[in-house]
There are 4 protein chains.
Amino acid sequence: MYRFNNDYSECAHPRILKALLATSEEQYTGYGADEITEQAKKRIREKCRNDNVDIHFISGGTLTNLTFISHALKPYEAVIAASTGHINVHETGAIEATGHKVIDVETNDGKLTPELIQPILDEHVDEHSVLPAMVYISNTTEVGTVYTLEEIKRLSEYCHAKELLLYLDGARLSMGLAVEESNLQFSHLAEYLDAFYIGGTKCGAMFGEALILVKEDLKKNFRYHMKQHGAIMAKGWITGLQFYELFQDDLYDKIGKHCNEMACILKTFFTEQGYTFSTHSKTNQIFPILPNEVIKRMSRDYMVAEWKKIDETHTAVRFCTSFATTQQEIERFCNDFQNYVK
Amino acid sequence: MYRFNNDYSECAHPRILKALLATSEEQYTGYGADEITEQAKKRIREKCRNDNVDIHFISGGTLTNLTFISHALKPYEAVIAASTGHINVHETGAIEATGHKVIDVETNDGKLTPELIQPILDEHVDEHSVLPAMVYISNTTEVGTVYTLEEIKRLSEYCHAKELLLYLDGARLSMGLAVEESNLQFSHLAEYLDAFYIGGTKCGAMFGEALILVKEDLKKNFRYHMKQHGAIMAKGWITGLQFYELFQDDLYDKIGKHCNEMACILKTFFTEQGYTFSTHSKTNQIFPILPNEVIKRMSRDYMVAEWKKIDETHTAVRFCTSFATTQQEIERFCNDFQNYVK
Amino acid sequence: MYRFNNDYSECAHPRILKALLATSEEQYTGYGADEITEQAKKRIREKCRNDNVDIHFISGGTLTNLTFISHALKPYEAVIAASTGHINVHETGAIEATGHKVIDVETNDGKLTPELIQPILDEHVDEHSVLPAMVYISNTTEVGTVYTLEEIKRLSEYCHAKELLLYLDGARLSMGLAVEESNLQFSHLAEYLDAFYIGGTKCGAMFGEALILVKEDLKKNFRYHMKQHGAIMAKGWITGLQFYELFQDDLYDKIGKHCNEMACILKTFFTEQGYTFSTHSKTNQIFPILPNEVIKRMSRDYMVAEWKKIDETHTAVRFCTSFATTQQEIERFCNDFQNYVK
Amino acid sequence: MYRFNNDYSECAHPRILKALLATSEEQYTGYGADEITEQAKKRIREKCRNDNVDIHFISGGTLTNLTFISHALKPYEAVIAASTGHINVHETGAIEATGHKVIDVETNDGKLTPELIQPILDEHVDEHSVLPAMVYISNTTEVGTVYTLEEIKRLSEYCHAKELLLYLDGARLSMGLAVEESNLQFSHLAEYLDAFYIGGTKCGAMFGEALILVKEDLKKNFRYHMKQHGAIMAKGWITGLQFYELFQDDLYDKIGKHCNEMACILKTFFTEQGYTFSTHSKTNQIFPILPNEVIKRMSRDYMVAEWKKIDETHTAVRFCTSFATTQQEIERFCNDFQNYVK
């Protein structure tokens with residue numbers, strides 16, 4: 001059985017494990033106040049081309065989202081997200097559990113625009129409704145699409161004109177930035193966003209996300225808020241170390257690029273076989289629409305995620321590639337696939 | 001200026017004020033543990049034809065909803081409501097502030113059905129999403145429509161088969177039950193619902209709602225939960241007294257009937273004048289679609305609530321009638337209206 | 001049975017009921033945006049000698065405390081209170097339910113001082129503990145004592161030097177300010193406190209407290225926070241009206257003075273009879289230590305609150321006087337008391 | 001610089017790192033639904049001699065405590081803890097942030113007894129106070145002491161008679177169980193406790209705690225609650241793997257025994273040198289009272305935690321030993337210490 005169902009089925013990039021072993025006999029200061037973590041932050045700040053951002057390492061995406069969003073919002077403030085947004089559908093109400101409404105917006109492609117947000121502002125006009133105060137976007141989105149530089153700029157200008165914070169969930173940021181035609185580069189993030197997180201878990205790490213606080217107001221006492229939500233790890237350097245390694249020799253970029261390339265081969269294969277996709281993804285998640293019969297046979301050898309029922313006999317399924325996916329595995333799959341369509 | 005904009009512009013039914021004065025020189029036990037409150041509960045239980053329901057008096061609708069819903073749900077459980085539901089749009093995220101997601105459903109008429117709820121259950125299948133555990137309905141709905149007995153029965157059977165609590169917000173229950181063709185009577189409520197509240201504020205009281213807990217599991221320690229949310233008033237008998245009076249000689253029923261009758265005259269008038277309505281209401285809220293010019297002129301003498309923009313030149317407005325609305329005022333309005341359409 | 005057990009056993013001062021009746025046939029704007037409420041605020045601002053304070057009317061003390069404190073604090077911030085403080089022991093964890101720790105301090109007399117607060121600041125030094133950010137005091141305290149002007153000034157200077165908000169629970173403010181030797185006057189409150197509430201429920205109103213926000217930072221969007229906690233009443237003018245009346249012709253001051261005078265007669269009586277008290281109160285709550293046998297006999301005619309077991313045969317009980325307590329009743333009690341000691 | 005300041009300064013036991021590497025090229029099911037995690041649970045159930053306990057792996061102690069406690073308590077329920085309890089002082093109000101009061105009790109030795117708990121039950125008698133519903137204990141305690149089997153049995157009987165849940169924080173359970181004279185063994189835990197967690201972070205793991213749910217009522221839907229608090233890791237098998245290894249060949253027991261033995265050498269050394277201790281610990285945390293001058297000199301080479309000021313010239317400091325502490329290091333310290341006392 002080979003797993004294409006997600007991008008977190010393998011432990012960690014070999015360079016990360018090597019770095020872990022190399023430091024395993026040392027003693028470090030606890031709670032992320034160590035030197036390795038400091039060095040990791042330094043590298044990320046360089047990558048962001050911004051010396052002033054605050055950086056915090058947290059073990060996973062849901063914990064990062066809930067800790068950050070509840071830190072940034074006042075009790076009666078709400079966050080706007082695409083209906084497909086991870087905080088809206090796949091975090092078990094984690095944001096609401098901290099007291100905040102998630103206002104969801106239907107989209108075609110998982111992406112928000114000023115035009116989609118404005119009607120919400122128009123409807124929320126007084127104290128009988130929540131106060132929209134943040135826009136949450138994901139890049140790549142949960143359906144594999146990406147924002148272009150131009151789209152991020154427009155959103156940023158709009159949000160700041162409307163006094164909305166703009167926050168980006170970068171669980172798959174590595175893959176999002178690897179889409180060259182989007183023109184979006186690492187250094188744009190701290191320029192246009194108020195905060196974002198750099199995903200580690202789905203981009204080569206054992207676990208861990210790096211939350212970047214750009215806007216000055218958001219920085220104060222954030223570690224209190226982290227501790228209160230159980231988001232400070234005792235052996236914090238283990239997370240710091242992983243990002244230290246990911247941001248050496250552009251490993252983070254390379255992983256994203258590799259994942260997208262592997263997915264691209266799969267996508268080309270399915271296209272050539274005459275299949276269509278439920279969303280147009282250029283990243284490491286692709287969603288071919290396959291006959292249920294084929295999926296059934298395929299599932300004996302390859303695990304994929306059933307995404308959306310299309311009609312009585314077809315389903316869109318998600319294939320994910322990861323840092324560990326090899327071209328050899330993809331090719332083996334393509335060969336095997338012929339057996340499933342018979 | 002006469003106010004048709006809502007049904008809470010006047011103090012209280014004269015019988016309530018009279019009862020208040022009549023008892024004002026006595027001493028009573030605090031926190032609702034007094035004899036008047038006990039008698040009020042007795043009357044409501046009789047009206048419900050159910051001796052076992054628990055009854056709690058709370059000062060307003062939002063406080064009742066948030067206190068009850070957060071009592072009934074476990075942290076990861078969510079409540080399903082129509083998009084127009086009061087808890088979804090007009091309580092400033094009060095439910096989310098207690099930690100629970102409100103899952104909203106688009107409807108045509110503000111009413112939920114099993115067919116509208118089922119897709120939500122289909123989407124919420126594991127621990128990565130919230131667990132839908134309650135259905136919230138309003139009667140009358142926020143757009144003036146009512147549930148029939150048959151509809152309530154179907155919902156009740158469906159909810160209980162799916163292990164969903166069924167809770168009814170009765171802010172305007174008096175008017176809802178006064179619609180005879182719905183066949184829904186007071187005694188049906190405790191038969192089909194797990195909990196509901198009998199609205200006082202919009203039905204003749206100065207303030208106050210009576211929360212009725214039917215399902216046994218919901219009763220335990222509810223007063224702890226009330227106190228924690230500031231929902232126990234020191235001089236609780238003042239609320240109890242109002243319900244004692246509302247449930248004497250069918251005053252509660254009569255108020256609902258009166259409100260609907262007054263609104264009906266208005267509705268007939270607008271219909272005869274050739275206007276249409278944004279929703280089909282038989283209760284005390286009606287929503288005629290009027291030319292903006294007319295609304296502008298009318299607003300010098302009569303206050304109404306702008307409800308929904310229909311097109312560039314027309315708006316649906318809400319007219320509300322109350323226990324204090326007289327036929328004379330309605331007639332005066334109808335006469336005056338001729339001046340606004342010229 | 002006559003009730004001395006608390007000061008909320010009677011409906012409301014006759015002047016309030018008269019004012020209620022006098023306005024009961026008018027229509028008013030909802031949610032406290034009416035003219036009477038505006039006038040009530042004007043009177044309170046004059047009494048405070050401060051035109052800039054924001055004023056919000058809320059139905060009860062617990063709801064006021066929880067709404068204000070959770071508005072003022074960030075999630076990881078805590079409030080310091082005397083162990084006897086109402087928020088610490090008699091609000092069913094209402095503050096904690098909004099997410100904030102109450103740090104309690106043992107006191108002799110229910111009053112906080114810089115000396116009692118400093119050790120808490122010394123212990124809370126980093127993000128592994130909550131951040132103390134507010135000091136909560138009550139005047140009168142829950143044990144009947146009062147703060148002097150000098151004590152309030154010292155606390156105020158200390159708190160502001162330490163970046164702690166100073167908030168006063170004035171459930172019985174009327175009685176607190178009526179103690180002349182404290183030198184504390186109404187106009188001092190807005191001078192030295194960041195926020196406080198003027199109690200109505202225990203000082204002559206049917207219900208209602210007036211929250212005064214002095215510090216500028218605390219004012220923004222408070223009505224959103226109120227609505228979210230169910231603390232905005234639809235017929236808000238009914239609360240406004242009560243304060244309008246309480247602040248006409250010094251009624252609020254007179255009620256406090258009257259209550260204290262009635263309690264003083266009782267206190268003198270017990271002192272003359274040779275009894276001692278568990279705390280030294282000059283306000284409307286007194287706590288004589290009586291033999292259990294006496295309490296038992298007395299309880300057939302007079303209701304008091306058992307406060308604290310002193311030893312196997314003695315208990316401190318609370319006698320409260322209210323706006324409605326008459327000298328005649330006190331004298332009747334003193335006469336009757338002779339029957340209980342035999 | 002050598003670190004004795006805590007027991008989480010080193011990465012992980014070599015056997016854990018070896019196991020991590022050995023599995024690093026495999027693919028596993030996400031979210032802890034993998035085979036290794038299942039095997040780890042099997043081993044723990046065997047150690048508990050209880051096939052029915054539910055087991056969940058969570059990344060750290062604070063996250064475990066807040067997730068479990070807020071799952072087990074109803075909103076108005078509170079948890080009783082020693083004043084020194086980790087949830088009371090070192091988790092930044094994490095429990096309160098989930099809405100629950102921590103009722104703290106002063107103790108001499110960090111341990112709770114029925115006699116210390118009963119007065120709290122006596123004071124909390126109605127809905128104006130929170131409802132005490134859980135007792136939180138730590139073993140070893142935060143001051144290094146341990147519970148005996150007899151003490152745990154008494155507490156268990158008492159708690160269950162009073163309808164209180166009994167929960168044990170086992171951050172340092174390994175060391176607690178290694179104190180032979182306590183007679184407390186692993187198999188007693190599931191017999192007498194309703195829930196507890198087996199600490200990994202401080203007992204040889206990189207991170208991770210194993211929460212054991214014994215009482216049937218506590219089990220339902222716990223994974224929903226975990227996910228909502230960000231406590232389910234995508235690559236869950238990495239945590240499972242660590243416990244799989246810790247519970248092979250009694251490694252967990254051996255680590256505790258080793259830590260205590262190393263601390264014992266230190267303790268004997270200080271005793272022989274004539275020093276006393278602020279608490280009587282037989283576990284891996286010892287608290288010698290040293291002259292400030294000595295501490296200052298010592299701190300150039302050895303990091304310890306300043307625990308409590310004893311007087312103007314003396315301070316109790318904490319020395320911790322870990323799985324990685326060697327006898328050689330201890331001996332080196334003892335030799336070096338002579339230089340600090342001169």
# chains A, B, ... in the order shown; residues from 1 in each chain; ligands from 1
$ closest_atom_pairs --of "chain B" --to "chain A" --cutoff "10 Å" --atoms "only C-alpha atoms" --output "CSV"
residue,atom,partner,partner_atom,distance
B:Pro75,CA,A:Ala97,CA,7.2
B:Tyr76,CA,A:Thr92,CA,6.6
B:Glu77,CA,A:Gly93,CA,8.5
B:Ala78,CA,A:Gly93,CA,8.2
B:His86,CA,A:His128,CA,9.8
B:Ile87,CA,A:Ser129,CA,9.7
B:Asn88,CA,A:Ser129,CA,8.7
B:Val89,CA,A:Ser129,CA,5.9
B:His90,CA,A:His128,CA,4.9
B:Glu91,CA,A:His128,CA,5.5
B:Thr92,CA,A:Ser129,CA,4.0
B:Gly93,CA,A:Val130,CA,5.7
B:Ala94,CA,A:Tyr76,CA,8.4
B:Ile95,CA,A:Gly99,CA,8.2
B:Glu96,CA,A:Gly99,CA,5.1
B:Ala97,CA,A:Gly99,CA,3.8
B:Thr98,CA,A:Gly99,CA,6.0
B:Gly99,CA,A:Ala97,CA,3.8
B:His100,CA,A:Glu96,CA,5.6
B:Lys101,CA,A:Glu96,CA,5.6
B:Val102,CA,A:Lys101,CA,8.3
B:Asp104,CA,A:Asp104,CA,9.8
B:Glu123,CA,A:Val89,CA,9.4
B:His124,CA,A:Val89,CA,8.8
B:Asp126,CA,A:Thr92,CA,9.1
B:Glu127,CA,A:Thr92,CA,6.6
B:His128,CA,A:His90,CA,4.9
B:Ser129,CA,A:Thr92,CA,4.0
B:Val130,CA,A:Thr92,CA,4.3
B:Leu131,CA,A:Thr92,CA,7.8
$ residues_around --residues "A:Thr283" --least-positions-apart "5" --cutoff "7 Å" --atoms "only C-alpha atoms" --output "list in words"
Gly144, Met175, Gly176, Asn260 and Ala263 of chain A
$ select_by_dssp --residues "stretch 33-226 of chain B" --states "strand (DSSP E or B)" --output "number ranges by chain"
B: 54-58, 77-82, 102-105, 131-138, 165-170, 195-199, 209-213
$ write_last_selection --atoms "N, CA and C atoms" --output "tab-separated table (two decimals), in the first residue's frame"
chain	number	residue	atom	x	y	z
B	54	ASP	N	-39.07	21.90	33.80
B	54	ASP	CA	-38.40	22.89	34.64
B	54	ASP	C	-38.55	24.25	33.98
B	55	ILE	N	-38.74	25.27	34.78
B	55	ILE	CA	-38.96	26.62	34.23
B	55	ILE	C	-38.00	27.60	34.90
B	56	HIS	N	-37.36	28.41	34.08
B	56	HIS	CA	-36.44	29.43	34.60
B	56	HIS	C	-36.74	30.75	33.92
B	57	PHE	N	-36.77	31.82	34.69
B	57	PHE	CA	-37.04	33.14	34.13
B	57	PHE	C	-35.74	33.92	33.95
B	58	ILE	N	-35.55	34.46	32.76
B	58	ILE	CA	-34.31	35.16	32.42
B	58	ILE	C	-34.69	36.50	31.77
B	77	GLU	N	-19.56	20.52	20.44
B	77	GLU	CA	-20.84	20.38	19.76
B	77	GLU	C	-21.31	21.72	19.20
B	78	ALA	N	-22.10	21.65	18.13
B	78	ALA	CA	-22.55	22.86	17.43
B	78	ALA	C	-24.05	22.87	17.31
B	79	VAL	N	-24.59	24.04	17.04
B	79	VAL	CA	-26.03	24.20	16.86
B	79	VAL	C	-26.31	24.62	15.42
B	80	ILE	N	-27.32	24.01	14.84
B	80	ILE	CA	-27.72	24.31	13.47
B	80	ILE	C	-28.85	25.33	13.51
B	81	ALA	N	-28.74	26.37	12.69
B	81	ALA	CA	-29.78	27.41	12.67
B	81	ALA	C	-29.97	27.90	11.25
B	82	ALA	N	-31.17	28.43	10.97
B	82	ALA	CA	-31.37	29.11	9.70
B	82	ALA	C	-30.43	30.32	9.64
B	102	VAL	N	-22.10	28.04	15.33
B	102	VAL	CA	-23.45	28.04	14.79
B	102	VAL	C	-23.31	27.67	13.31
B	103	ILE	N	-23.89	26.55	12.94
B	103	ILE	CA	-23.85	26.11	11.54
B	103	ILE	C	-25.11	26.66	10.88
B	104	ASP	N	-24.92	27.57	9.93
B	104	ASP	CA	-26.11	28.22	9.37
B	104	ASP	C	-26.52	27.59	8.05
B	105	VAL	N	-27.84	27.61	7.81
B	105	VAL	CA	-28.44	26.99	6.63
B	105	VAL	C	-29.28	28.03	5.91
B	131	LEU	N	-19.39	18.62	16.04
B	131	LEU	CA	-20.45	17.61	16.09
B	131	LEU	C	-21.80	18.32	16.20
B	132	PRO	N	-22.61	18.30	15.14
B	132	PRO	CA	-23.93	18.95	15.24
B	132	PRO	C	-24.77	18.25	16.30
B	133	ALA	N	-25.31	19.01	17.25
B	133	ALA	CA	-26.00	18.37	18.38
B	133	ALA	C	-27.31	19.04	18.73
B	134	MET	N	-27.62	20.15	18.09
B	134	MET	CA	-28.87	20.86	18.42
B	134	MET	C	-29.38	21.55	17.17
B	135	VAL	N	-30.71	21.61	17.07
B	135	VAL	CA	-31.34	22.40	16.02
B	135	VAL	C	-32.09	23.54	16.69
B	136	TYR	N	-31.80	24.75	16.24
B	136	TYR	CA	-32.44	25.96	16.79
B	136	TYR	C	-33.44	26.49	15.78
B	137	ILE	N	-34.68	26.61	16.22
B	137	ILE	CA	-35.69	27.22	15.36
B	137	ILE	C	-36.36	28.36	16.12
B	138	SER	N	-37.02	29.25	15.39
B	138	SER	CA	-37.74	30.36	16.01
B	138	SER	C	-39.18	30.30	15.54
B	165	LEU	N	-30.81	17.75	19.68
B	165	LEU	CA	-31.79	18.45	20.52
B	165	LEU	C	-32.57	19.43	19.66
B	166	LEU	N	-33.84	19.59	19.95
B	166	LEU	CA	-34.66	20.56	19.22
B	166	LEU	C	-35.09	21.67	20.19
B	167	TYR	N	-34.64	22.88	19.88
B	167	TYR	CA	-34.87	24.04	20.77
B	167	TYR	C	-35.56	25.15	20.00
B	168	LEU	N	-36.58	25.71	20.61
B	168	LEU	CA	-37.36	26.76	19.94
B	168	LEU	C	-37.23	28.09	20.67
B	169	ASP	N	-36.85	29.11	19.91
B	169	ASP	CA	-36.76	30.48	20.41
B	169	ASP	C	-38.14	31.11	20.23
B	170	GLY	N	-38.82	31.34	21.35
B	170	GLY	CA	-40.18	31.85	21.28
B	170	GLY	C	-40.29	33.32	21.62
B	195	ALA	N	-36.60	21.80	24.51
B	195	ALA	CA	-36.58	23.01	25.32
B	195	ALA	C	-37.10	24.15	24.45
B	196	PHE	N	-37.62	25.18	25.07
B	196	PHE	CA	-38.08	26.36	24.34
B	196	PHE	C	-38.20	27.50	25.31
B	197	TYR	N	-38.28	28.72	24.77
B	197	TYR	CA	-38.58	29.81	25.70
B	197	TYR	C	-39.80	30.57	25.24
B	198	ILE	N	-40.57	30.98	26.24
B	198	ILE	CA	-41.79	31.75	26.03
B	198	ILE	C	-41.40	33.22	26.17
B	199	GLY	N	-41.48	33.94	25.08
B	199	GLY	CA	-41.04	35.33	25.09
B	199	GLY	C	-41.97	36.23	25.87
B	209	GLU	N	-38.08	36.36	29.84
B	209	GLU	CA	-38.45	35.21	29.03
B	209	GLU	C	-38.52	34.01	29.99
B	210	ALA	N	-39.38	33.07	29.65
B	210	ALA	CA	-39.50	31.86	30.48
B	210	ALA	C	-38.94	30.68	29.72
B	211	LEU	N	-37.82	30.17	30.20
B	211	LEU	CA	-37.19	29.03	29.55
B	211	LEU	C	-37.80	27.74	30.09
B	212	ILE	N	-38.23	26.88	29.18
B	212	ILE	CA	-38.87	25.63	29.57
B	212	ILE	C	-37.95	24.47	29.20
B	213	LEU	N	-37.49	23.74	30.20
B	213	LEU	CA	-36.63	22.58	29.95
B	213	LEU	C	-37.49	21.33	30.02
$ select_by_dssp --residues "stretch 58-155 of chain C" --states "helix (DSSP H, G or I)" --output "number ranges by chain"
C: 61-72, 86-89, 94-97, 114-123, 149-155
$ write_last_selection --atoms "N, CA and C atoms" --output "compact mmCIF listing (two decimals), in the first residue's frame"
# COMPACT_ATOMS: atom_id res chain seq x y z
N GLY C 61 -25.53 42.83 39.00
CA GLY C 61 -24.14 42.99 39.37
C GLY C 61 -23.21 41.96 38.74
N THR C 62 -23.60 40.69 38.78
CA THR C 62 -22.74 39.66 38.19
C THR C 62 -22.57 39.91 36.70
N LEU C 63 -23.66 40.23 36.03
CA LEU C 63 -23.60 40.48 34.59
C LEU C 63 -22.72 41.71 34.30
N THR C 64 -22.80 42.70 35.16
CA THR C 64 -21.95 43.88 34.99
C THR C 64 -20.48 43.51 35.18
N ASN C 65 -20.19 42.79 36.24
CA ASN C 65 -18.80 42.43 36.51
C ASN C 65 -18.21 41.58 35.39
N LEU C 66 -18.92 40.57 34.98
CA LEU C 66 -18.35 39.68 33.98
C LEU C 66 -18.22 40.37 32.62
N THR C 67 -19.18 41.21 32.30
CA THR C 67 -19.11 41.91 31.01
C THR C 67 -17.97 42.92 31.02
N PHE C 68 -17.84 43.67 32.09
CA PHE C 68 -16.77 44.67 32.12
C PHE C 68 -15.39 44.02 32.20
N ILE C 69 -15.23 43.10 33.12
CA ILE C 69 -13.88 42.56 33.34
C ILE C 69 -13.38 41.83 32.10
N SER C 70 -14.25 41.06 31.46
CA SER C 70 -13.79 40.34 30.25
C SER C 70 -13.58 41.29 29.08
N HIS C 71 -14.18 42.46 29.15
CA HIS C 71 -13.92 43.48 28.12
C HIS C 71 -12.55 44.11 28.33
N ALA C 72 -12.21 44.32 29.57
CA ALA C 72 -11.00 45.10 29.88
C ALA C 72 -9.72 44.28 29.80
N HIS C 86 -16.87 39.55 45.84
CA HIS C 86 -18.05 38.91 45.24
C HIS C 86 -17.67 38.08 44.02
N ILE C 87 -16.79 38.61 43.18
CA ILE C 87 -16.40 37.85 41.98
C ILE C 87 -15.65 36.58 42.34
N ASN C 88 -15.03 36.55 43.52
CA ASN C 88 -14.26 35.36 43.88
C ASN C 88 -15.13 34.25 44.45
N VAL C 89 -16.15 34.61 45.18
CA VAL C 89 -16.90 33.57 45.89
C VAL C 89 -18.38 33.46 45.56
N ALA C 94 -18.04 33.23 37.38
CA ALA C 94 -18.43 33.99 36.17
C ALA C 94 -17.23 34.60 35.47
N ILE C 95 -16.26 35.05 36.22
CA ILE C 95 -15.08 35.66 35.61
C ILE C 95 -14.24 34.58 34.93
N GLU C 96 -14.03 33.48 35.63
CA GLU C 96 -13.28 32.37 35.03
C GLU C 96 -14.01 31.87 33.78
N ALA C 97 -15.33 31.89 33.80
CA ALA C 97 -16.07 31.42 32.63
C ALA C 97 -15.80 32.29 31.41
N PRO C 114 -1.98 48.31 48.76
CA PRO C 114 -0.76 48.05 47.99
C PRO C 114 0.10 46.95 48.62
N GLU C 115 0.14 46.94 49.93
CA GLU C 115 0.97 45.95 50.63
C GLU C 115 0.46 44.52 50.39
N LEU C 116 -0.83 44.39 50.24
CA LEU C 116 -1.39 43.06 50.00
C LEU C 116 -1.24 42.64 48.53
N ILE C 117 -1.17 43.63 47.67
CA ILE C 117 -1.10 43.33 46.23
C ILE C 117 0.33 43.04 45.77
N GLN C 118 1.29 43.74 46.36
CA GLN C 118 2.66 43.66 45.87
C GLN C 118 3.22 42.23 45.80
N PRO C 119 2.98 41.40 46.83
CA PRO C 119 3.52 40.04 46.74
C PRO C 119 3.00 39.27 45.52
N ILE C 120 1.80 39.58 45.10
CA ILE C 120 1.27 38.91 43.90
C ILE C 120 2.05 39.33 42.67
N LEU C 121 2.33 40.61 42.57
CA LEU C 121 3.13 41.06 41.43
C LEU C 121 4.52 40.43 41.48
N ASP C 122 5.05 40.27 42.69
CA ASP C 122 6.39 39.68 42.82
C ASP C 122 6.41 38.22 42.32
N GLU C 123 5.29 37.55 42.49
CA GLU C 123 5.24 36.12 42.10
C GLU C 123 4.93 35.90 40.63
N LEU C 149 -11.26 57.90 51.52
CA LEU C 149 -10.69 58.62 50.39
C LEU C 149 -9.18 58.37 50.31
N GLU C 150 -8.54 58.43 51.47
CA GLU C 150 -7.09 58.26 51.50
C GLU C 150 -6.68 56.88 50.97
N GLU C 151 -7.41 55.88 51.36
CA GLU C 151 -7.12 54.51 50.92
C GLU C 151 -7.33 54.35 49.41
N ILE C 152 -8.38 54.96 48.92
CA ILE C 152 -8.64 54.89 47.47
C ILE C 152 -7.52 55.61 46.71
N LYS C 153 -7.10 56.74 47.20
CA LYS C 153 -6.03 57.49 46.55
C LYS C 153 -4.74 56.67 46.49
N ARG C 154 -4.40 56.07 47.61
CA ARG C 154 -3.17 55.25 47.66
C ARG C 154 -3.25 54.08 46.68
N LEU C 155 -4.39 53.41 46.70
CA LEU C 155 -4.57 52.28 45.79
C LEU C 155 -4.47 52.74 44.34
$ residues_around --residues "stretch 6-15 of chain A" --least-positions-apart "4" --cutoff "10 Å" --atoms "only C-alpha atoms" --output "count of residues only"
48
$ closest_residue --among "B:Gln273, B:Ser83, B:Asn139, B:Asn108" --to "B:Leu184" --atoms "only C-alpha atoms"
B:Asn139
$ atom_distance --atom1 "atom CA of B:Asn221" --atom2 "atom CA of D:Lys74"
9.8 Å
$ residues_around --residues "B:Lys257" --least-positions-apart "3" --cutoff "9 Å" --atoms "only C-alpha atoms" --output "list in words"
Ser174, Met175, Leu177, Ala178, Val179, Tyr252, Asp253, Lys254, Asn260, Glu261, Met262 and Thr283 of chain B
$ residues_around --residues "A:Ala316" --least-positions-apart "3" --cutoff "12 Å" --atoms "only C-alpha atoms" --output "number ranges by chain"
A: 143, 275-279, 285-292, 294-295, 304-313, 319
$ atom_distance --atom1 "atom CA of A:Gly274" --atom2 "atom CA of A:Arg3"
23.3 Å
$ atom_distance --atom1 "atom CA of D:Gly60" --atom2 "atom CA of D:Thr326"
25.4 Å
